[in-house]
$ cat input10.txt   # compact mmCIF, N, CA, C and O atoms
# COMPACT_ATOMS: atom_id res chain seq x y z
N MET A 1 -4.58 29.73 -11.74
CA MET A 1 -4.19 28.65 -12.63
C MET A 1 -2.92 28.00 -12.10
O MET A 1 -2.00 28.67 -11.66
N SER A 2 -2.85 26.70 -12.11
CA SER A 2 -1.68 26.02 -11.58
C SER A 2 -0.61 25.88 -12.65
O SER A 2 -0.88 25.86 -13.84
N THR A 3 0.61 25.79 -12.19
CA THR A 3 1.73 25.65 -13.11
C THR A 3 1.89 24.19 -13.50
O THR A 3 1.39 23.29 -12.81
N PRO A 4 2.59 23.91 -14.61
CA PRO A 4 2.79 22.52 -15.01
C PRO A 4 3.44 21.66 -13.93
O PRO A 4 3.10 20.51 -13.75
N SER A 5 4.36 22.24 -13.17
CA SER A 5 5.00 21.45 -12.11
C SER A 5 4.02 21.10 -11.01
O SER A 5 4.07 20.01 -10.45
N ASN A 6 3.10 21.99 -10.69
CA ASN A 6 2.06 21.70 -9.69
C ASN A 6 1.11 20.64 -10.20
O ASN A 6 0.68 19.77 -9.45
N GLU A 7 0.77 20.72 -11.47
CA GLU A 7 -0.12 19.72 -12.07
C GLU A 7 0.54 18.35 -12.04
O GLU A 7 -0.11 17.35 -11.73
N THR A 8 1.81 18.30 -12.35
CA THR A 8 2.55 17.03 -12.32
C THR A 8 2.62 16.49 -10.91
O THR A 8 2.40 15.30 -10.67
N ALA A 9 2.91 17.36 -9.94
CA ALA A 9 2.98 16.93 -8.54
C ALA A 9 1.64 16.38 -8.09
O ALA A 9 1.57 15.35 -7.41
N ASN A 10 0.55 17.05 -8.45
CA ASN A 10 -0.78 16.58 -8.07
C ASN A 10 -1.10 15.24 -8.72
O ASN A 10 -1.69 14.37 -8.09
N LEU A 11 -0.72 15.08 -9.98
CA LEU A 11 -0.95 13.83 -10.68
C LEU A 11 -0.21 12.69 -10.00
O LEU A 11 -0.77 11.62 -9.78
N VAL A 12 1.03 12.93 -9.63
CA VAL A 12 1.83 11.90 -8.95
C VAL A 12 1.21 11.56 -7.60
O VAL A 12 1.03 10.39 -7.27
N GLU A 13 0.87 12.58 -6.81
CA GLU A 13 0.33 12.35 -5.47
C GLU A 13 -1.00 11.62 -5.49
O GLU A 13 -1.34 10.93 -4.55
N GLU A 14 -1.76 11.77 -6.55
CA GLU A 14 -3.05 11.10 -6.65
C GLU A 14 -2.98 9.74 -7.33
O GLU A 14 -3.97 9.02 -7.38
N SER A 15 -1.82 9.36 -7.83
CA SER A 15 -1.70 8.10 -8.55
C SER A 15 -1.74 6.91 -7.58
O SER A 15 -1.29 6.99 -6.44
N LEU A 16 -2.29 5.82 -8.06
CA LEU A 16 -2.35 4.59 -7.27
C LEU A 16 -0.95 4.09 -6.92
O LEU A 16 -0.72 3.63 -5.80
N LEU A 17 -0.03 4.20 -7.87
CA LEU A 17 1.34 3.74 -7.63
C LEU A 17 1.97 4.49 -6.46
O LEU A 17 2.59 3.87 -5.58
N TYR A 18 1.80 5.81 -6.43
CA TYR A 18 2.37 6.61 -5.34
C TYR A 18 1.71 6.26 -4.01
O TYR A 18 2.39 6.14 -2.99
N LYS A 19 0.40 6.06 -4.02
CA LYS A 19 -0.30 5.70 -2.79
C LYS A 19 0.16 4.33 -2.28
O LYS A 19 0.32 4.13 -1.07
N GLU A 20 0.40 3.41 -3.19
CA GLU A 20 0.92 2.09 -2.80
C GLU A 20 2.32 2.22 -2.21
O GLU A 20 2.66 1.58 -1.23
N PHE A 21 3.14 3.07 -2.83
CA PHE A 21 4.48 3.31 -2.32
C PHE A 21 4.44 3.85 -0.90
O PHE A 21 5.17 3.37 -0.01
N LEU A 22 3.58 4.84 -0.66
CA LEU A 22 3.47 5.42 0.68
C LEU A 22 2.98 4.40 1.70
O LEU A 22 3.50 4.35 2.83
N ALA A 23 2.01 3.59 1.33
CA ALA A 23 1.49 2.57 2.24
C ALA A 23 2.58 1.54 2.56
O ALA A 23 2.73 1.13 3.72
N GLU A 24 3.33 1.14 1.55
CA GLU A 24 4.41 0.18 1.77
C GLU A 24 5.49 0.78 2.66
O GLU A 24 6.00 0.12 3.57
N ARG A 25 5.85 2.03 2.40
CA ARG A 25 6.85 2.70 3.23
C ARG A 25 6.41 2.76 4.68
O ARG A 25 7.21 2.51 5.60
N ASP A 26 5.14 3.06 4.92
CA ASP A 26 4.62 3.09 6.29
C ASP A 26 4.75 1.73 6.97
O ASP A 26 5.10 1.65 8.14
N GLU A 27 4.46 0.68 6.23
CA GLU A 27 4.59 -0.68 6.79
C GLU A 27 6.04 -1.01 7.11
O GLU A 27 6.34 -1.64 8.12
N ILE A 28 6.95 -0.61 6.24
CA ILE A 28 8.38 -0.86 6.47
C ILE A 28 8.83 -0.10 7.71
O ILE A 28 9.56 -0.65 8.55
N LEU A 29 8.40 1.14 7.86
CA LEU A 29 8.78 1.92 9.05
C LEU A 29 8.19 1.31 10.33
O LEU A 29 8.86 1.29 11.36
N ARG A 30 6.97 0.79 10.23
CA ARG A 30 6.36 0.11 11.38
C ARG A 30 7.17 -1.14 11.73
O ARG A 30 7.46 -1.41 12.89
N HIS A 31 7.55 -1.90 10.70
CA HIS A 31 8.35 -3.11 10.89
C HIS A 31 9.71 -2.75 11.51
O HIS A 31 10.19 -3.44 12.41
N LYS A 32 10.31 -1.66 11.03
CA LYS A 32 11.60 -1.19 11.57
C LYS A 32 11.47 -0.89 13.06
O LYS A 32 12.34 -1.28 13.85
N TRP A 33 10.40 -0.23 13.44
CA TRP A 33 10.20 0.11 14.84
C TRP A 33 10.06 -1.16 15.69
O TRP A 33 10.72 -1.30 16.72
N ILE A 34 9.22 -2.08 15.24
CA ILE A 34 8.98 -3.32 15.99
C ILE A 34 10.27 -4.13 16.12
O ILE A 34 10.63 -4.57 17.22
N GLU A 35 10.98 -4.31 15.01
CA GLU A 35 12.20 -5.12 15.05
C GLU A 35 13.31 -4.42 15.82
O GLU A 35 14.12 -5.08 16.48
N SER A 36 13.36 -3.11 15.77
CA SER A 36 14.34 -2.35 16.56
C SER A 36 14.06 -2.51 18.05
O SER A 36 15.00 -2.66 18.86
N GLU A 37 12.80 -2.48 18.44
CA GLU A 37 12.43 -2.70 19.84
C GLU A 37 12.87 -4.09 20.30
O GLU A 37 13.40 -4.25 21.39
N LYS A 38 12.63 -5.09 19.46
CA LYS A 38 13.03 -6.46 19.79
C LYS A 38 14.55 -6.57 19.95
O LYS A 38 15.04 -7.25 20.84
N ALA A 39 15.28 -5.89 19.05
CA ALA A 39 16.74 -5.97 19.05
C ALA A 39 17.38 -5.09 20.13
O ALA A 39 18.54 -5.29 20.49
N GLY A 40 16.63 -4.12 20.62
CA GLY A 40 17.17 -3.21 21.63
C GLY A 40 17.99 -2.08 21.04
O GLY A 40 18.67 -1.36 21.76
N HIS A 41 17.97 -1.93 19.73
CA HIS A 41 18.67 -0.84 19.05
C HIS A 41 18.05 -0.64 17.67
O HIS A 41 17.34 -1.49 17.17
N ASP A 42 18.34 0.50 17.08
CA ASP A 42 17.81 0.81 15.76
C ASP A 42 18.48 -0.10 14.73
O ASP A 42 19.70 -0.08 14.58
N ILE A 43 17.69 -0.88 14.03
CA ILE A 43 18.25 -1.81 13.04
C ILE A 43 18.51 -1.13 11.70
O ILE A 43 19.19 -1.70 10.85
N GLY A 44 17.99 0.06 11.51
CA GLY A 44 18.20 0.80 10.27
C GLY A 44 17.14 0.47 9.23
O GLY A 44 16.54 -0.61 9.23
N PHE A 45 16.94 1.43 8.33
CA PHE A 45 15.89 1.27 7.32
C PHE A 45 16.20 0.14 6.34
O PHE A 45 15.33 -0.63 6.00
N GLU A 46 17.44 0.04 5.89
CA GLU A 46 17.78 -0.98 4.90
C GLU A 46 17.55 -2.39 5.43
O GLU A 46 17.00 -3.24 4.73
N ALA A 47 17.97 -2.64 6.66
CA ALA A 47 17.76 -3.96 7.26
C ALA A 47 16.27 -4.25 7.41
O ALA A 47 15.81 -5.36 7.14
N ALA A 48 15.51 -3.24 7.83
CA ALA A 48 14.07 -3.41 7.98
C ALA A 48 13.41 -3.64 6.63
O ALA A 48 12.52 -4.49 6.51
N LEU A 49 13.86 -2.94 5.62
CA LEU A 49 13.32 -3.10 4.27
C LEU A 49 13.52 -4.52 3.77
O LEU A 49 12.57 -5.17 3.32
N VAL A 50 14.74 -5.02 3.86
CA VAL A 50 15.03 -6.37 3.38
C VAL A 50 14.25 -7.40 4.18
O VAL A 50 13.62 -8.30 3.61
N ASP A 51 14.22 -7.26 5.50
CA ASP A 51 13.52 -8.20 6.35
C ASP A 51 12.02 -8.19 6.04
O ASP A 51 11.39 -9.25 5.93
N TRP A 52 11.44 -7.00 5.89
CA TRP A 52 10.02 -6.89 5.58
C TRP A 52 9.69 -7.49 4.23
O TRP A 52 8.70 -8.20 4.08
N CYS A 53 10.54 -7.21 3.23
CA CYS A 53 10.29 -7.76 1.89
C CYS A 53 10.32 -9.28 1.91
O CYS A 53 9.49 -9.93 1.27
N VAL A 54 11.26 -9.86 2.64
CA VAL A 54 11.38 -11.32 2.70
C VAL A 54 10.24 -11.94 3.50
O VAL A 54 9.63 -12.92 3.07
N LYS A 55 9.90 -11.34 4.64
CA LYS A 55 8.94 -11.97 5.56
C LYS A 55 7.49 -11.54 5.37
O LYS A 55 6.59 -12.32 5.69
N CYS A 56 7.24 -10.33 4.90
CA CYS A 56 5.89 -9.78 5.00
C CYS A 56 5.28 -9.26 3.71
O CYS A 56 4.05 -9.20 3.60
N ARG A 57 6.08 -8.88 2.76
CA ARG A 57 5.58 -8.12 1.61
C ARG A 57 4.49 -8.84 0.82
O ARG A 57 3.46 -8.24 0.50
N SER A 58 4.70 -10.08 0.48
CA SER A 58 3.72 -10.76 -0.38
C SER A 58 2.37 -10.91 0.31
O SER A 58 1.33 -10.65 -0.30
N SER A 59 2.36 -11.28 1.59
CA SER A 59 1.08 -11.42 2.28
C SER A 59 0.43 -10.06 2.51
O SER A 59 -0.79 -9.93 2.41
N TRP A 60 1.23 -9.03 2.79
CA TRP A 60 0.69 -7.69 2.96
C TRP A 60 0.03 -7.21 1.68
O TRP A 60 -1.09 -6.69 1.69
N ARG A 61 0.71 -7.40 0.55
CA ARG A 61 0.14 -6.99 -0.74
C ARG A 61 -1.14 -7.75 -1.05
O ARG A 61 -2.10 -7.17 -1.54
N GLU A 62 -1.14 -9.03 -0.79
CA GLU A 62 -2.32 -9.85 -1.06
C GLU A 62 -3.52 -9.35 -0.26
O GLU A 62 -4.61 -9.16 -0.80
N CYS A 63 -3.31 -9.12 1.02
CA CYS A 63 -4.39 -8.60 1.88
C CYS A 63 -4.85 -7.22 1.44
O CYS A 63 -6.04 -6.92 1.41
N ARG A 64 -3.92 -6.38 1.08
CA ARG A 64 -4.25 -5.02 0.65
C ARG A 64 -5.06 -5.03 -0.64
O ARG A 64 -6.03 -4.31 -0.77
N HIS A 65 -4.67 -5.86 -1.58
CA HIS A 65 -5.38 -5.91 -2.85
C HIS A 65 -6.77 -6.54 -2.69
O HIS A 65 -7.72 -6.09 -3.32
N LYS A 66 -6.89 -7.51 -1.81
CA LYS A 66 -8.22 -8.10 -1.54
C LYS A 66 -9.14 -7.06 -0.92
O LYS A 66 -10.30 -6.95 -1.29
N ALA A 67 -8.61 -6.28 0.02
CA ALA A 67 -9.41 -5.26 0.68
C ALA A 67 -9.81 -4.17 -0.31
O ALA A 67 -10.93 -3.66 -0.27
N ARG A 68 -8.90 -3.81 -1.21
CA ARG A 68 -9.19 -2.77 -2.20
C ARG A 68 -10.24 -3.24 -3.20
O ARG A 68 -11.07 -2.47 -3.64
N ASP A 69 -10.19 -4.50 -3.58
CA ASP A 69 -11.11 -5.05 -4.58
C ASP A 69 -12.52 -5.25 -4.03
O ASP A 69 -13.46 -5.36 -4.81
N ASN A 70 -12.66 -5.32 -2.72
CA ASN A 70 -14.00 -5.53 -2.13
C ASN A 70 -14.73 -4.26 -1.90
O ASN A 70 -14.49 -3.21 -1.92

$ encode --input "input10.txt" --output "structure tokens"
Amino acid sequence: MSTPSNETANLVEESLLYKEFLAERDEILRHKWIESEKAGHDIGFEAALVDWCVKCRSSWRECRHKARDN
């Protein structure tokens, strides 16, 4: 039998919100790597996060939701 904390952890890990968070984080990390390569140094997570949100987030979400709905 699982404990309440395990049940809560499983519920969180299986939630759509958590899966969206993980997918978004992966995209931000990919963006960080690409932009760091272009800059010739690590730009840092915060800079990559802001840049990705401004330049990419809305179109990424739109494409992701279209793919999920089909």

$ closest_residue --input "input10.txt" --among "A:Ala48, A:Leu11, A:Ala39, A:Ala67" --to "Arg25 of chain A" --atoms "only C-alpha atoms"
A:Ala48

$ residues_around --input "input10.txt" --residues "segment 30-35 of chain A" --least-positions-apart "2" --cutoff "8 Å" --atoms "all atoms listed in the file" --output "list in words"
Ala23, Glu24, Arg25, Asp26, Glu27, Ile28, Glu37, Lys38, Ala39, Gly40, His41, Asp42, Ile43, Gly44, Phe45, Ala47, Ala48, Leu49, Asp51 and Trp52 of chain A

$ write_last_selection --input "input10.txt" --atoms "N, CA, C and O atoms" --output "CSV table (one decimal), in the frame of the given file"
chain,number,residue,atom,x,y,z
A,23,ALA,N,2.0,3.6,1.3
A,23,ALA,CA,1.5,2.6,2.2
A,23,ALA,C,2.6,1.5,2.6
A,23,ALA,O,2.7,1.1,3.7
A,24,GLU,N,3.3,1.1,1.6
A,24,GLU,CA,4.4,0.2,1.8
A,24,GLU,C,5.5,0.8,2.7
A,24,GLU,O,6.0,0.1,3.6
A,25,ARG,N,5.8,2.0,2.4
A,25,ARG,CA,6.8,2.7,3.2
A,25,ARG,C,6.4,2.8,4.7
A,25,ARG,O,7.2,2.5,5.6
A,26,ASP,N,5.1,3.1,4.9
A,26,ASP,CA,4.6,3.1,6.3
A,26,ASP,C,4.8,1.7,7.0
A,26,ASP,O,5.1,1.6,8.1
A,27,GLU,N,4.5,0.7,6.2
A,27,GLU,CA,4.6,-0.7,6.8
A,27,GLU,C,6.0,-1.0,7.1
A,27,GLU,O,6.3,-1.6,8.1
A,28,ILE,N,7.0,-0.6,6.2
A,28,ILE,CA,8.4,-0.9,6.5
A,28,ILE,C,8.8,-0.1,7.7
A,28,ILE,O,9.6,-0.6,8.6
A,37,GLU,N,12.8,-2.5,18.4
A,37,GLU,CA,12.4,-2.7,19.8
A,37,GLU,C,12.9,-4.1,20.3
A,37,GLU,O,13.4,-4.2,21.4
A,38,LYS,N,12.6,-5.1,19.5
A,38,LYS,CA,13.0,-6.5,19.8
A,38,LYS,C,14.6,-6.6,20.0
A,38,LYS,O,15.0,-7.2,20.8
A,39,ALA,N,15.3,-5.9,19.0
A,39,ALA,CA,16.7,-6.0,19.0
A,39,ALA,C,17.4,-5.1,20.1
A,39,ALA,O,18.5,-5.3,20.5
A,40,GLY,N,16.6,-4.1,20.6
A,40,GLY,CA,17.2,-3.2,21.6
A,40,GLY,C,18.0,-2.1,21.0
A,40,GLY,O,18.7,-1.4,21.8
A,41,HIS,N,18.0,-1.9,19.7
A,41,HIS,CA,18.7,-0.8,19.0
A,41,HIS,C,18.0,-0.6,17.7
A,41,HIS,O,17.3,-1.5,17.2
A,42,ASP,N,18.3,0.5,17.1
A,42,ASP,CA,17.8,0.8,15.8
A,42,ASP,C,18.5,-0.1,14.7
A,42,ASP,O,19.7,-0.1,14.6
A,43,ILE,N,17.7,-0.9,14.0
A,43,ILE,CA,18.2,-1.8,13.0
A,43,ILE,C,18.5,-1.1,11.7
A,43,ILE,O,19.2,-1.7,10.8
A,44,GLY,N,18.0,0.1,11.5
A,44,GLY,CA,18.2,0.8,10.3
A,44,GLY,C,17.1,0.5,9.2
A,44,GLY,O,16.5,-0.6,9.2
A,45,PHE,N,16.9,1.4,8.3
A,45,PHE,CA,15.9,1.3,7.3
A,45,PHE,C,16.2,0.1,6.3
A,45,PHE,O,15.3,-0.6,6.0
A,47,ALA,N,18.0,-2.6,6.7
A,47,ALA,CA,17.8,-4.0,7.3
A,47,ALA,C,16.3,-4.2,7.4
A,47,ALA,O,15.8,-5.4,7.1
A,48,ALA,N,15.5,-3.2,7.8
A,48,ALA,CA,14.1,-3.4,8.0
A,48,ALA,C,13.4,-3.6,6.6
A,48,ALA,O,12.5,-4.5,6.5
A,49,LEU,N,13.9,-2.9,5.6
A,49,LEU,CA,13.3,-3.1,4.3
A,49,LEU,C,13.5,-4.5,3.8
A,49,LEU,O,12.6,-5.2,3.3
A,51,ASP,N,14.2,-7.3,5.5
A,51,ASP,CA,13.5,-8.2,6.4
A,51,ASP,C,12.0,-8.2,6.0
A,51,ASP,O,11.4,-9.2,5.9
A,52,TRP,N,11.4,-7.0,5.9
A,52,TRP,CA,10.0,-6.9,5.6
A,52,TRP,C,9.7,-7.5,4.2
A,52,TRP,O,8.7,-8.2,4.1

$ atom_distance --input "input10.txt" --atom1 "atom CA of Asn10 of chain A" --atom2 "atom O of Arg68 of chain A"
22.1 Å

$ select_by_dssp --input "input10.txt" --residues "chain A" --states "alpha helix (DSSP H)" --output "JSON, numbers by chain"
{"A": [4, 5, 6, 7, 8, 9, 10, 11, 12, 13, 14, 16, 17, 18, 19, 20, 21, 22, 23, 24, 25, 26, 27, 28, 29, 30, 31, 32, 33, 34, 35, 36, 37, 38, 39, 45, 46, 47, 48, 49, 50, 51, 52, 53, 54, 55, 57, 58, 59, 60, 61, 62, 63, 64, 65, 66, 67, 68, 69]}

$ atom_distance --input "input10.txt" --atom1 "atom C of Tyr18 of chain A" --atom2 "atom CA of Ser36 of chain A"
25.6 Å

$ atom_distance --input "input10.txt" --atom1 "atom CA of Lys19 of chain A" --atom2 "atom CA of Lys66 of chain A"
16.0 Å
